[in-house]
Amino acid sequence: MKPAPFQYVAARTIEQALQLKAEHGDEARFLAGGQSLVPTMNFRLTQPAMLIDINPLHELAGLGNGPAVRLRIGALTRYRSLERDPATARHLPLIAEALPLIAHPQIRNRGTIGGNLAHADPASEMPAIVLTLGGRLRARSAKGERWIDAADFFVGALTTALEPDEMLMEVELPKAPPRSGACFMEMSRRRGDFAIIGVACIVRLDEAGRCAEARIGLCNAGDGPVFAARASASLTGRTVGSVEIGEAAKLVQSDIDPGGSIHASKEFQRHIAGVLTTRALARANERARGAA
Amino acid sequence: MSTQMHAITVTVNGKQYSRQVEGRLLLSDFLRHDLLLAGTHVGCEHGVCGACTVIFDGAPVRSCLMFAAQTDGHRIETVEGLAADRDHLHPLQQAMRDCHGLQCGYCTPGILMTMKVFLEDNPNPDEAQIREALSGNLCRCTGYQHIVEAVQLAAERMRK
């Protein structure tokens, strides 16, 4: 298992990397952590003519404040850095809870958030989380840059709205607001494996303790990350208890279209989606009450 | 295109090596075939088994998921760098021996390199933390029990 020949270029500047991508388009791939790309190259499922290694571009890594109550995470930020940054647990509890479930320590030492989001594996945790948080992503090309809402960014399995000449630069996410709670849960066959189903939940309460906003997203529940819009909206304005949570879980089950596999049928995935939604919503709600 | 070579200088186990490498050469193959450091084992070659784990700039990574060309100017530790000499094993190696933490030994180098950094970060881990840290290394012989015991013993000895 050896990759097919390709031209390797270690990028010296962002401008140079973008220029190369503009020239070579889909024939060239950016190399970030390589934890998804390189396995497919070893299998020769992917045979890019050129790899543009962006690892030397340290300015693409790091976590900082965005406008208002938002955080910006550079595309080259490694999972390891997010795990070790106290800002993650404080402001992005959904990500903090999911990180230990993402592959294994050695993979998280190398894997980057931008590489993961640009890869857009429907079974991966981070696309579902960014979608659930209502984040947005900054893409840049030699011609200019633009922000893309997460809801528009994930187009389908392994497919994003990025054009062939664009690089994902960073992702912007809202900090967890007051009186809110988050919870991420997934079921996988073994520790670190892709989830059979994963559920991300956020519950924000108003001053009277009713649900001001709920957001529920899932991974491995369709062609891309899924935002369960009906289930999320069903909780607004209500005092969240077991009845409301049960109704939301049923809506989630009817809204998803999991692919099924030899390890888990569609029916089983749908069942697990209901179970995990019930548990994660209850936990997020408890945490919101604790934060109130 | 395939023949384009890249000049790299990389420090492996404290020793500097300068080589010309093809872009597609995996770090695992570079270590084994170019530097003749065959202690780094190649299992699955797609990042699942952990046998090829080496320490890259202080962090354990899969050497089958990196290219040699990426290591220019960087620092790598492999299993060959663990023991001071034949008679002085690293505490982790000694504990693996004492606890029968290996049978066929294929996964062992990857486990040692993973656990070296783990114990540096967590000198006093509990069993659950050890098992979590081991989750990225497959072993098909031992059932892991003796590996966990070896890591506990090594941690105890290293704290003294």
# chains A, B, ... in the order shown; residues from 1 in each chain; ligands from 1
call {"tool": "interface_residues", "arguments": {"of": "chain B", "to": "chain A", "cutoff": "8 Å", "atoms": "only C-alpha atoms", "output": "PDB file with C-alpha atoms, in the first residue's frame"}}
result
ATOM      1  CA  MET B   1       6.943  13.966 -11.676  1.00  0.00           C
ATOM      2  CA  SER B   2       7.402  10.739  -9.742  1.00  0.00           C
ATOM      3  CA  GLN B   4      11.223  14.628  -8.198  1.00  0.00           C
ATOM      4  CA  GLY B  23       7.330  13.048  -2.304  1.00  0.00           C
ATOM      5  CA  ARG B  24       5.189   9.944  -1.885  1.00  0.00           C
ATOM      6  CA  LEU B  25       7.587   8.146   0.469  1.00  0.00           C
ATOM      7  CA  LEU B  26       5.776   7.447   3.748  1.00  0.00           C
ATOM      8  CA  GLU B  45      -0.790   1.329   6.654  1.00  0.00           C
ATOM      9  CA  HIS B  46      -3.966   3.341   7.023  1.00  0.00           C
ATOM     10  CA  GLY B  47      -3.776   4.695  10.528  1.00  0.00           C
ATOM     11  CA  THR B  53       3.556   5.146  16.015  1.00  0.00           C
ATOM     12  CA  ALA B  59       3.760  13.980  20.081  1.00  0.00           C
ATOM     13  CA  PRO B  60       2.980  10.359  19.148  1.00  0.00           C
ATOM     14  CA  VAL B  61       1.746  10.133  15.552  1.00  0.00           C
ATOM     15  CA  ARG B  62       1.130   7.489  12.903  1.00  0.00           C
ATOM     16  CA  LEU B  65       0.065   8.851   7.634  1.00  0.00           C
ATOM     17  CA  MET B  66       2.939  11.267   7.115  1.00  0.00           C
ATOM     18  CA  ALA B  69       9.250  15.054   2.925  1.00  0.00           C
ATOM     19  CA  GLN B  70       7.203  16.634   5.738  1.00  0.00           C
ATOM     20  CA  THR B 114       2.616   6.097  22.747  1.00  0.00           C
ATOM     21  CA  ALA B 133      -4.419   6.097  26.018  1.00  0.00           C
ATOM     22  CA  SER B 135      -7.088   2.685  22.566  1.00  0.00           C
ATOM     23  CA  GLY B 136      -5.206   3.632  19.404  1.00  0.00           C
TER      24      GLY B 136
END
call {"tool": "residues_around", "arguments": {"residues": "Arg289 in chain A", "least_positions_apart": "5", "cutoff": "8 Å", "atoms": "only C-alpha atoms", "output": "list in words"}}
result
Arg179, Ser180, Gly181, Leu205 and Gly209 of chain A
call {"tool": "residues_around", "arguments": {"residues": "Arg97 in chain B", "least_positions_apart": "5", "cutoff": "10 Å", "atoms": "only C-alpha atoms", "output": "list in words"}}
result
Leu89, Pro91, Leu92, Leu102, Gln103, His146, Ile147 and Ala150 of chain B
call {"tool": "residues_around", "arguments": {"residues": "Ala120 in chain A", "least_positions_apart": "6", "cutoff": "7 Å", "atoms": "only C-alpha atoms", "output": "MDAnalysis selection string"}}
result
chainID A and resid 127 154 157:160
call {"tool": "write_last_selection", "arguments": {"atoms": "C-alpha atoms", "output": "mmCIF file, in the first residue's frame"}}
result
data_model
loop_
_atom_site.group_PDB
_atom_site.id
_atom_site.type_symbol
_atom_site.label_atom_id
_atom_site.label_comp_id
_atom_site.auth_asym_id
_atom_site.auth_seq_id
_atom_site.Cartn_x
_atom_site.Cartn_y
_atom_site.Cartn_z
ATOM 1 C CA PRO A 127 -19.335 18.708 10.823
ATOM 2 C CA PHE A 154 -21.935 20.795 3.841
ATOM 3 C CA ALA A 157 -21.055 13.003 1.516
ATOM 4 C CA LEU A 158 -17.428 14.194 1.287
ATOM 5 C CA THR A 159 -18.702 17.268 -0.581
ATOM 6 C CA THR A 160 -18.589 20.901 0.491
#
